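So this block is work.txt, compact mmCIF, C-alpha atoms:
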```
# COMPACT_ATOMS: atom_id res chain seq x y z
CA MET C 1486 -3.53 9.94 15.78
CA VAL C 1487 -2.97 13.64 15.42
CA GLU C 1488 -5.91 15.74 16.52
CA ASN C 1489 -6.82 18.64 14.31
CA ASP C 1490 -9.80 20.78 15.15
CA THR C 1491 -10.02 22.66 11.88
CA ASN C 1492 -9.83 19.90 9.32
CA VAL C 1493 -11.43 16.53 9.04
CA VAL C 1494 -8.89 13.72 8.94
CA TRP C 1495 -8.35 12.60 5.35
CA HIS C 1496 -7.56 8.93 5.03
CA GLU C 1497 -6.25 7.99 1.59
CA HIS C 1498 -7.62 4.77 0.23
CA SER C 1499 -6.73 3.55 -3.18
CA VAL C 1500 -7.24 0.51 -5.31
CA SER C 1501 -3.93 -0.73 -6.66
CA ARG C 1502 -3.31 -2.32 -10.03
CA ASP C 1503 -2.53 -5.58 -8.22
CA MET C 1504 -5.92 -5.52 -6.52
CA ARG C 1505 -7.67 -5.01 -9.85
CA GLU C 1506 -5.66 -7.75 -11.56
CA ALA C 1507 -6.33 -10.14 -8.67
CA ARG C 1508 -10.05 -9.46 -9.06
CA HIS C 1509 -9.86 -10.05 -12.83
CA GLY C 1510 -7.70 -13.15 -12.60
CA HIS C 1511 -5.32 -11.87 -15.27
CA LYS C 1512 -2.90 -9.05 -15.92
CA GLY C 1513 -3.46 -5.85 -17.83
CA CYS C 1514 -1.52 -5.32 -21.06
CA VAL C 1515 -1.65 -3.73 -24.50
CA ILE C 1516 -2.00 -5.95 -27.55
CA TRP C 1517 -0.97 -3.71 -30.41
CA LEU C 1518 -2.16 -5.00 -33.79
CA THR C 1519 -0.37 -3.39 -36.72
CA GLY C 1520 -0.70 -4.07 -40.43
CA LEU C 1521 -2.01 -2.82 -43.74
CA SER C 1522 -5.57 -1.67 -44.30
CA GLY C 1523 -7.55 -4.83 -45.02
CA SER C 1524 -5.07 -7.16 -43.31
CA GLY C 1525 -7.70 -8.07 -40.75
CA LYS C 1526 -6.64 -6.16 -37.63
CA SER C 1527 -10.17 -5.19 -36.57
CA THR C 1528 -11.57 -8.62 -37.26
CA VAL C 1529 -8.81 -10.31 -35.29
CA ALA C 1530 -9.22 -7.75 -32.47
CA ASN C 1531 -12.96 -8.30 -32.25
CA THR C 1532 -12.63 -12.08 -32.47
CA LEU C 1533 -9.99 -12.06 -29.74
CA ASP C 1534 -12.11 -9.69 -27.66
CA HIS C 1535 -15.01 -12.10 -27.89
CA MET C 1536 -12.89 -15.12 -26.97
CA LEU C 1537 -11.26 -13.36 -24.02
CA HIS C 1538 -14.61 -12.07 -22.79
CA ASN C 1539 -15.95 -15.63 -22.90
CA GLU C 1540 -12.98 -16.71 -20.80
CA GLY C 1541 -13.98 -14.10 -18.20
CA CYS C 1542 -11.30 -11.54 -19.06
CA GLN C 1543 -11.69 -7.76 -18.90
CA THR C 1544 -11.02 -6.25 -22.33
CA VAL C 1545 -11.42 -3.21 -24.49
CA VAL C 1546 -10.98 -2.66 -28.23
CA LEU C 1547 -9.61 0.67 -29.38
CA ASP C 1548 -9.99 1.31 -33.09
CA GLY C 1549 -10.73 4.08 -35.54
CA ASP C 1550 -14.44 3.89 -34.80
CA ASN C 1551 -14.22 4.84 -31.15
CA VAL C 1552 -11.08 7.00 -31.24
CA ARG C 1553 -11.37 9.13 -34.36
CA HIS C 1554 -14.81 10.39 -33.29
CA GLY C 1555 -13.69 11.51 -29.86
CA LEU C 1556 -10.20 11.57 -28.44
CA ASN C 1557 -8.44 11.94 -31.79
CA ALA C 1558 -11.06 13.86 -33.73
CA GLY C 1559 -10.04 15.90 -36.73
CA PRO C 1560 -10.55 19.65 -37.17
CA ALA C 1561 -13.93 19.31 -38.87
CA MET C 1562 -15.41 17.38 -35.96
CA LEU C 1563 -14.05 19.75 -33.34
CA LYS C 1564 -15.11 22.95 -35.09
CA ASP C 1565 -18.81 22.98 -34.23
CA ARG C 1566 -18.39 22.45 -30.51
CA HIS C 1567 -15.04 24.14 -29.85
CA GLY C 1568 -14.65 26.76 -32.57
CA GLU C 1569 -12.27 27.37 -35.45
CA ASP C 1570 -9.09 28.28 -33.53
CA PHE C 1571 -9.39 25.31 -31.21
CA ALA C 1572 -10.06 22.92 -34.10
CA SER C 1573 -7.07 24.08 -36.11
CA ARG C 1574 -4.77 23.89 -33.09
CA PHE C 1575 -5.86 20.50 -31.74
CA GLY C 1576 -7.63 18.62 -34.55
CA LEU C 1577 -5.57 15.73 -35.91
CA GLY C 1578 -4.97 15.36 -39.63
CA PHE C 1579 -2.85 12.83 -41.50
CA SER C 1580 0.57 14.48 -41.68
CA ALA C 1581 3.49 12.51 -40.21
CA ILE C 1582 3.48 14.56 -37.03
CA ASP C 1583 -0.30 14.25 -36.66
CA ARG C 1584 -0.08 10.49 -37.16
CA GLU C 1585 2.61 10.38 -34.49
CA GLU C 1586 0.33 12.21 -32.04
CA ASN C 1587 -2.58 9.97 -33.01
CA ILE C 1588 -0.55 6.88 -32.11
CA ARG C 1589 0.91 8.50 -28.99
CA ARG C 1590 -2.55 9.27 -27.59
CA ILE C 1591 -3.83 5.79 -28.39
CA GLY C 1592 -0.80 4.35 -26.62
CA ALA C 1593 -1.42 6.55 -23.58
CA VAL C 1594 -5.08 5.52 -23.38
CA ALA C 1595 -4.27 1.85 -23.88
CA GLU C 1596 -1.79 2.24 -21.01
CA LEU C 1597 -4.53 3.67 -18.76
CA PHE C 1598 -6.63 0.58 -19.50
CA ALA C 1599 -3.64 -1.73 -18.85
CA GLN C 1600 -3.01 0.05 -15.53
CA THR C 1601 -6.63 -0.72 -14.67
CA GLY C 1602 -5.88 -4.43 -15.19
CA ILE C 1603 -7.60 -4.57 -18.55
CA ILE C 1604 -6.38 -6.22 -21.76
CA ALA C 1605 -6.44 -3.38 -24.31
CA LEU C 1606 -6.58 -4.44 -27.96
CA THR C 1607 -5.66 -1.75 -30.46
CA ALA C 1608 -6.33 -2.03 -34.18
CA PHE C 1609 -4.62 0.72 -36.15
CA ILE C 1610 -2.44 0.55 -39.26
CA SER C 1611 0.26 2.41 -37.27
CA PRO C 1612 2.63 2.26 -40.24
CA TYR C 1613 5.71 3.93 -38.75
CA ARG C 1614 8.13 1.82 -36.73
CA ALA C 1615 9.39 4.78 -34.69
CA ASP C 1616 5.86 5.70 -33.55
CA ARG C 1617 5.14 2.15 -32.38
CA ASP C 1618 8.51 1.95 -30.66
CA LYS C 1619 7.74 5.13 -28.71
CA VAL C 1620 4.53 3.56 -27.42
CA ARG C 1621 6.54 0.51 -26.38
CA GLN C 1622 9.08 2.71 -24.58
CA ALA C 1623 6.34 4.53 -22.67
CA LEU C 1624 5.00 1.24 -21.26
CA ASN C 1625 6.41 -1.17 -18.69
CA GLU C 1626 8.53 -4.11 -19.83
CA GLY C 1627 6.33 -6.92 -21.14
CA GLU C 1628 3.21 -4.77 -21.19
CA PHE C 1629 3.34 -3.93 -24.91
CA ILE C 1630 2.67 -6.89 -27.16
CA GLU C 1631 3.25 -5.98 -30.79
CA VAL C 1632 1.36 -8.22 -33.19
CA PHE C 1633 2.08 -7.91 -36.88
CA VAL C 1634 -1.05 -8.82 -38.84
CA ASP C 1635 0.78 -9.91 -41.95
CA ALA C 1636 -0.96 -10.13 -45.30
CA PRO C 1637 0.49 -9.26 -48.72
CA ILE C 1638 -0.78 -6.02 -50.12
CA GLU C 1639 -2.28 -7.89 -53.08
CA VAL C 1640 -4.53 -9.79 -50.69
CA CYS C 1641 -5.46 -6.65 -48.75
CA GLU C 1642 -6.19 -4.79 -51.96
CA GLN C 1643 -8.38 -7.60 -53.23
CA ARG C 1644 -10.33 -7.64 -49.97
CA ASP C 1645 -10.56 -3.82 -49.83
CA PRO C 1646 -13.47 -3.91 -47.35
CA LYS C 1647 -13.90 -0.14 -47.31
CA GLY C 1648 -13.02 0.51 -50.97
CA LEU C 1649 -10.01 2.54 -49.87
CA TYR C 1650 -7.40 0.93 -52.12
CA LYS C 1651 -9.64 1.65 -55.11
CA LYS C 1652 -9.79 5.31 -54.13
CA ALA C 1653 -6.06 5.46 -53.46
CA ARG C 1654 -5.29 3.92 -56.88
CA ALA C 1655 -7.61 6.47 -58.45
CA GLY C 1656 -5.69 9.23 -56.68
CA GLU C 1657 -8.72 10.21 -54.58
CA ILE C 1658 -6.84 9.47 -51.33
CA LYS C 1659 -3.29 10.74 -50.94
CA GLY C 1660 -0.69 9.28 -48.59
CA PHE C 1661 -2.38 5.88 -48.39
CA THR C 1662 -0.30 3.26 -46.61
CA GLY C 1663 1.08 0.67 -49.02
CA ILE C 1664 0.27 2.75 -52.10
CA ASP C 1665 1.99 6.12 -51.78
CA ASP C 1666 3.03 6.01 -48.13
CA PRO C 1667 5.24 3.33 -46.55
CA TYR C 1668 4.28 0.55 -44.18
CA GLU C 1669 7.25 -0.27 -42.00
CA GLU C 1670 7.06 -3.88 -40.83
CA PRO C 1671 7.96 -4.57 -37.19
CA VAL C 1672 11.54 -5.76 -36.74
CA SER C 1673 10.96 -7.92 -33.69
CA PRO C 1674 7.27 -8.10 -32.86
CA GLU C 1675 6.07 -10.44 -30.15
CA LEU C 1676 3.90 -12.22 -32.74
CA VAL C 1677 3.50 -12.42 -36.51
CA LEU C 1678 0.09 -13.58 -37.73
CA SER C 1679 -0.29 -15.09 -41.21
CA ALA C 1680 -3.46 -13.23 -41.97
CA ALA C 1681 -3.74 -14.20 -45.64
CA THR C 1682 -4.07 -17.92 -45.03
CA LYS C 1683 -5.56 -18.48 -41.57
CA THR C 1684 -9.00 -17.69 -40.16
CA PRO C 1685 -9.55 -14.97 -37.52
CA ASP C 1686 -10.40 -17.67 -34.97
CA VAL C 1687 -7.06 -19.39 -35.54
CA LEU C 1688 -5.16 -16.08 -35.41
CA ALA C 1689 -6.91 -14.96 -32.23
CA GLY C 1690 -6.13 -18.39 -30.79
CA GLU C 1691 -2.44 -17.80 -31.47
CA ILE C 1692 -2.57 -14.59 -29.44
CA ILE C 1693 -4.35 -16.39 -26.61
CA SER C 1694 -1.62 -19.05 -26.57
CA TYR C 1695 0.98 -16.29 -26.35
CA LEU C 1696 -0.86 -14.59 -23.45
CA LYS C 1697 -0.96 -17.90 -21.61
CA SER C 1698 2.73 -18.57 -22.25
CA GLN C 1699 3.57 -15.18 -20.73
CA GLY C 1700 1.36 -15.66 -17.69
CA ILE C 1701 -0.85 -12.72 -18.65
CA ILE C 1702 -3.96 -14.89 -18.60
CA PRO C 1703 -4.18 -18.22 -16.75
CA ALA C 1704 -2.96 -21.25 -18.74
CA MET K 578 -23.08 -19.21 -47.23
CA VAL K 579 -21.24 -17.60 -50.11
CA GLU K 580 -18.23 -19.57 -51.28
CA ASN K 581 -15.15 -17.55 -51.98
CA ASP K 582 -12.00 -19.29 -53.03
CA THR K 583 -9.66 -16.34 -52.63
CA ASN K 584 -10.55 -15.04 -49.21
CA VAL K 585 -11.21 -16.68 -45.92
CA VAL K 586 -14.68 -15.96 -44.58
CA TRP K 587 -14.53 -13.16 -42.02
CA HIS K 588 -17.11 -13.47 -39.31
CA GLU K 589 -17.46 -10.34 -37.17
CA HIS K 590 -17.82 -10.98 -33.49
CA SER K 591 -18.01 -8.18 -31.04
CA VAL K 592 -18.65 -7.68 -27.36
CA SER K 593 -21.35 -5.09 -26.82
CA ARG K 594 -21.55 -2.58 -24.00
CA ASP K 595 -24.63 -4.43 -22.75
CA MET K 596 -22.66 -7.67 -22.53
CA ARG K 597 -19.91 -5.97 -20.53
CA GLU K 598 -22.38 -4.25 -18.19
CA ALA K 599 -24.26 -7.52 -17.66
CA ARG K 600 -20.97 -9.17 -16.69
CA HIS K 601 -20.15 -6.32 -14.29
CA GLY K 602 -23.61 -6.13 -12.77
CA HIS K 603 -23.70 -2.35 -13.16
CA LYS K 604 -23.67 0.33 -15.82
CA GLY K 605 -20.76 2.37 -17.07
CA CYS K 606 -20.77 6.11 -16.41
CA VAL K 607 -18.57 9.13 -15.76
CA ILE K 608 -18.54 10.67 -12.29
CA TRP K 609 -17.03 14.07 -12.84
CA LEU K 610 -15.72 15.65 -9.63
CA THR K 611 -15.11 19.38 -9.92
CA GLY K 612 -13.97 21.87 -7.31
CA LEU K 613 -11.14 24.01 -6.03
CA SER K 614 -7.65 22.72 -5.40
CA GLY K 615 -7.73 21.25 -1.88
CA SER K 616 -11.49 20.73 -1.86
CA GLY K 617 -10.96 16.97 -1.62
CA LYS K 618 -11.72 15.73 -5.14
CA SER K 619 -8.92 13.15 -5.22
CA THR K 620 -9.61 11.92 -1.71
CA VAL K 621 -13.31 11.51 -2.44
CA ALA K 622 -12.51 9.81 -5.78
CA ASN K 623 -10.12 7.33 -4.15
CA THR K 624 -12.47 6.65 -1.25
CA LEU K 625 -15.35 6.08 -3.64
CA ASP K 626 -13.13 3.91 -5.86
CA HIS K 627 -12.29 1.75 -2.87
CA MET K 628 -15.92 1.43 -1.77
CA LEU K 629 -17.14 0.59 -5.27
CA HIS K 630 -14.33 -1.93 -5.76
CA ASN K 631 -15.33 -3.61 -2.49
CA GLU K 632 -18.89 -3.83 -3.81
CA GLY K 633 -17.56 -5.67 -6.87
CA CYS K 634 -17.78 -2.76 -9.31
CA GLN K 635 -15.37 -2.05 -12.17
CA THR K 636 -13.84 1.37 -11.74
CA VAL K 637 -11.02 3.66 -12.79
CA VAL K 638 -9.74 6.94 -11.37
CA LEU K 639 -8.46 9.57 -13.79
CA ASP K 640 -6.52 12.38 -12.16
CA GLY K 641 -3.53 14.60 -12.73
CA ASP K 642 -1.14 11.85 -11.70
CA ASN K 643 -2.02 9.44 -14.46
CA VAL K 644 -3.11 11.89 -17.17
CA ARG K 645 -0.58 14.73 -17.03
CA HIS K 646 2.32 12.29 -17.38
CA GLY K 647 0.96 10.59 -20.47
CA LEU K 648 -2.10 11.52 -22.48
CA ASN K 649 -2.04 15.21 -21.59
CA ALA K 650 1.68 15.74 -21.13
CA GLY K 651 3.14 19.20 -21.45
CA PRO K 652 5.83 20.29 -23.92
CA ALA K 653 8.74 19.57 -21.57
CA MET K 654 7.71 15.94 -21.13
CA LEU K 655 7.15 15.36 -24.84
CA LYS K 656 10.37 16.98 -26.00
CA ASP K 657 12.84 14.20 -25.22
CA ARG K 658 10.96 11.44 -26.93
CA HIS K 659 9.20 13.32 -29.73
CA GLY K 660 11.36 16.37 -30.43
CA GLU K 661 10.93 20.12 -30.21
CA ASP K 662 8.41 20.72 -33.02
CA PHE K 663 6.15 17.94 -31.85
CA ALA K 664 6.28 19.11 -28.24
CA SER K 665 5.41 22.71 -29.09
CA ARG K 666 2.54 21.64 -31.35
CA PHE K 667 0.95 19.03 -29.09
CA GLY K 668 2.14 19.65 -25.54
CA LEU K 669 -0.58 21.08 -23.30
CA GLY K 670 0.06 24.19 -21.21
CA PHE K 671 -2.32 26.15 -19.01
CA SER K 672 -3.85 28.72 -21.37
CA ALA K 673 -7.65 28.71 -21.63
CA ILE K 674 -7.56 26.80 -24.94
CA ASP K 675 -5.07 24.27 -23.56
CA ARG K 676 -7.21 23.74 -20.47
CA GLU K 677 -10.19 23.20 -22.76
CA GLU K 678 -8.30 20.51 -24.70
CA ASN K 679 -7.10 18.97 -21.44
CA ILE K 680 -10.68 18.58 -20.25
CA ARG K 681 -11.91 17.46 -23.67
CA ARG K 682 -9.39 14.60 -23.81
CA ILE K 683 -10.16 13.53 -20.25
CA GLY K 684 -13.84 13.49 -21.15
CA ALA K 685 -13.16 11.41 -24.25
CA VAL K 686 -11.11 8.87 -22.29
CA ALA K 687 -13.65 8.71 -19.48
CA GLU K 688 -16.25 8.03 -22.18
CA LEU K 689 -14.18 5.11 -23.53
CA PHE K 690 -14.14 3.62 -20.03
CA ALA K 691 -17.90 4.19 -19.63
CA GLN K 692 -18.51 2.49 -22.99
CA THR K 693 -16.56 -0.47 -21.61
CA GLY K 694 -19.07 -0.67 -18.75
CA ILE K 695 -16.71 0.91 -16.23
CA ILE K 696 -17.45 3.62 -13.67
CA ALA K 697 -14.89 6.33 -14.46
CA LEU K 698 -14.12 8.77 -11.65
CA THR K 699 -12.41 11.98 -12.71
CA ALA K 700 -10.78 14.39 -10.26
CA PHE K 701 -9.80 17.65 -11.93
CA ILE K 702 -10.42 21.25 -10.89
CA SER K 703 -12.05 21.78 -14.33
CA PRO K 704 -12.89 25.38 -13.42
CA TYR K 705 -14.73 26.46 -16.58
CA ARG K 706 -18.43 25.70 -16.85
CA ALA K 707 -18.39 25.67 -20.67
CA ASP K 708 -15.64 23.03 -20.78
CA ARG K 709 -17.52 20.73 -18.41
CA ASP K 710 -20.74 21.26 -20.34
CA LYS K 711 -19.02 20.22 -23.57
CA VAL K 712 -17.98 16.96 -21.94
CA ARG K 713 -21.58 16.44 -20.84
CA GLN K 714 -22.82 17.14 -24.38
CA ALA K 715 -20.42 14.59 -25.84
CA LEU K 716 -21.78 11.82 -23.62
CA ASN K 717 -25.10 9.99 -23.62
CA GLU K 718 -27.97 11.25 -21.48
CA GLY K 719 -27.50 10.22 -17.85
CA GLU K 720 -23.92 9.07 -18.41
CA PHE K 721 -22.26 12.25 -17.09
CA ILE K 722 -22.68 12.78 -13.38
CA GLU K 723 -21.33 16.17 -12.34
CA VAL K 724 -20.38 16.31 -8.68
CA PHE K 725 -19.48 19.66 -7.19
CA VAL K 726 -16.99 19.13 -4.36
CA ASP K 727 -17.91 22.26 -2.49
CA ALA K 728 -15.57 23.79 0.06
CA PRO K 729 -14.98 27.50 0.74
CA ILE K 730 -11.68 28.74 -0.59
CA GLU K 731 -10.61 29.65 2.96
CA VAL K 732 -10.85 25.99 3.95
CA CYS K 733 -9.04 24.84 0.79
CA GLU K 734 -6.32 27.40 1.32
CA GLN K 735 -5.87 26.34 4.93
CA ARG K 736 -5.57 22.69 3.89
CA ASP K 737 -3.27 23.54 0.95
CA PRO K 738 -2.01 19.93 0.71
CA LYS K 739 0.46 20.69 -2.07
CA GLY K 740 1.45 24.19 -0.93
CA LEU K 741 0.00 25.64 -4.12
CA TYR K 742 -2.07 28.42 -2.57
CA LYS K 743 1.01 29.63 -0.77
CA LYS K 744 2.90 29.80 -4.06
CA ALA K 745 -0.03 31.46 -5.82
CA ARG K 746 -0.29 34.11 -3.07
CA ALA K 747 3.43 34.70 -3.42
CA GLY K 748 2.98 35.20 -7.16
CA GLU K 749 5.06 32.12 -7.98
CA ILE K 750 2.13 30.49 -9.79
CA LYS K 751 0.07 32.57 -12.21
CA GLY K 752 -3.51 31.85 -13.23
CA PHE K 753 -4.27 29.79 -10.14
CA THR K 754 -7.93 28.88 -9.78
CA GLY K 755 -9.60 30.81 -6.98
CA ILE K 756 -6.75 33.30 -6.66
CA ASP K 757 -6.20 34.97 -10.02
CA ASP K 758 -8.30 32.72 -12.24
CA PRO K 759 -12.02 32.04 -11.78
CA TYR K 760 -13.73 28.90 -10.57
CA GLU K 761 -17.16 28.67 -12.15
CA GLU K 762 -19.49 26.67 -9.91
CA PRO K 763 -21.80 24.19 -11.62
CA VAL K 764 -25.31 25.55 -12.18
CA SER K 765 -27.17 22.27 -11.96
CA PRO K 766 -24.81 19.48 -10.98
CA GLU K 767 -26.19 16.03 -10.20
CA LEU K 768 -24.72 16.29 -6.72
CA VAL K 769 -23.23 18.91 -4.40
CA LEU K 770 -20.95 17.59 -1.66
CA SER K 771 -20.33 19.63 1.49
CA ALA K 772 -16.64 18.93 1.54
CA ALA K 773 -15.73 21.32 4.36
CA THR K 774 -17.83 19.63 7.02
CA LYS K 775 -18.24 15.95 6.11
CA THR K 776 -15.72 13.11 5.92
CA PRO K 777 -14.68 11.53 2.62
CA ASP K 778 -16.48 8.32 3.63
CA VAL K 779 -19.73 10.19 4.10
CA LEU K 780 -19.28 12.11 0.83
CA ALA K 781 -18.45 8.94 -1.14
CA GLY K 782 -21.50 7.34 0.46
CA GLU K 783 -23.67 10.15 -0.91
CA ILE K 784 -22.42 9.41 -4.42
CA ILE K 785 -23.12 5.70 -3.94
CA SER K 786 -26.69 6.50 -2.85
CA TYR K 787 -27.10 8.57 -6.00
CA LEU K 788 -25.75 5.76 -8.22
CA LYS K 789 -28.22 3.36 -6.61
CA SER K 790 -31.11 5.79 -7.04
CA GLN K 791 -30.31 6.05 -10.76
CA GLY K 792 -30.02 2.28 -11.25
CA ILE K 793 -26.36 2.58 -12.24
CA ILE K 794 -25.32 0.15 -9.51
CA PRO K 795 -27.70 -2.33 -7.86
CA ALA K 796 -29.67 -0.93 -4.89
```
Represent the structure of the file as structure tokens.
Amino acid sequence: MVENDTNVVWHEHSVSRDMREARHGHKGCVIWLTGLSGSGKSTVANTLDHMLHNEGCQTVVLDGDNVRHGLNAGPAMLKDRHGEDFASRFGLGFSAIDREENIRRIGAVAELFAQTGIIALTAFISPYRADRDKVRQALNEGEFIEVFVDAPIEVCEQRDPKGLYKKARAGEIKGFTGIDDPYEEPVSPELVLSAATKTPDVLAGEIISYLKSQGIIPA
Amino acid sequence: MVENDTNVVWHEHSVSRDMREARHGHKGCVIWLTGLSGSGKSTVANTLDHMLHNEGCQTVVLDGDNVRHGLNAGPAMLKDRHGEDFASRFGLGFSAIDREENIRRIGAVAELFAQTGIIALTAFISPYRADRDKVRQALNEGEFIEVFVDAPIEVCEQRDPKGLYKKARAGEIKGFTGIDDPYEEPVSPELVLSAATKTPDVLAGEIISYLKSQGIIPA
């Protein structure tokens, strides 16, 4: 041991990802749900969250509710606390580049949770293939599980839980995915869920089976 | 139960913060370490992380290593994957407004961890009082624990673990906190740690005592 009379000796301790995953009894990963508004992403995410929690897993759900009010707030929300210049520079809108940054940040946060040994469930339309692929590229192999929540737009529009399709058809919302902005289906997602015909419990169960098959949670 | 022949019935399950905290046996919170470069923030954070993990707590450490390479990447890092325009719009530099956004995002992510019932430890210089106060304002009462890692600049400069003071004195780094940019000490932090004279173990122990006194972890 080197003696040093001016400084205390600084031992570095740290808790590794392996140590956290060993404690949890499962691996961390990102389950990325993508699909049209009304396809059932949030419902599947919350159902899966509940099931995994009951199996003793560590989970988090990232969705518009907890991200758009904080991390990815728009200019209007940032203005009061941070001022006009700050809000216009950093507030996220709905242009293509803003959507890209929205998805990038969500991916980065989901990765932080995965690195902490947590199963991060994300529920965002995330309509652009390139944006999702960039999240995949930023993560480790096998850590990004893309799940296409597949329901025909007719079904989503009939459900219309937030009345958004109605507004988009009336021209009150511009650039709405599936109406006047494209949804680009995943080319080779890890899973495709038939969200028009199966219940959330069944769909969540399909994801759990996948996680078991990959050794992410115990079989 | 309402029958509906066109849609499946969507039950909403969700896992509340209370349920997660009950599982963990402690509350979620943000322990915000602030202080000069070389004061020992990272060492204290990692030591505390290790101690809390050994006590069975769920924790995460957010620091420059895991945030500056992803969520808060600078223009150079974003350019390859996202292109020039994207990088210049969203990459974070070191101007006052960029530092403010850096701290805001870290606060928002730490909050997501706290909402998941996790003890989030952040280790950033975070030199501006107003920026730290905005993070505090965004969180629930009692959830933001500001810890001033207090060491005289002479001690920090002598330690200079990354050789940054040397570079700042040589004019190779501009706007370096404590040299040619201010460090604004907290006015009423939850804790002040005497980081020049005590060991990391002792300092981390002081934070643990505080967490116990506040009922955040079991006494």
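For the pair CA of His627 in chain K and CA of Leu1556 in chain C, the interatomic distance is 27.5 Å.
Take the candidates K:Asp778, K:Glu767, K:Asp595, K:Glu749 and check each one against chain C using all atoms listed in the file; the shortest distance goes to K:Asp778.
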Could the residues of chain K within 7 Å of chain C, counting all atoms listed in the file, be given as number ranges by chain, please?
K: 585, 587, 589-592, 620, 623-624, 626-627, 637, 647-648, 663, 674, 682, 685-686, 693, 776-777
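Atom to atom, CA of Gly670 in chain K and CA of Ile750 in chain K stand 13.2 Å apart.
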CA of Val1634 in chain C to CA of Leu1678 in chain C measures 5.0 Å
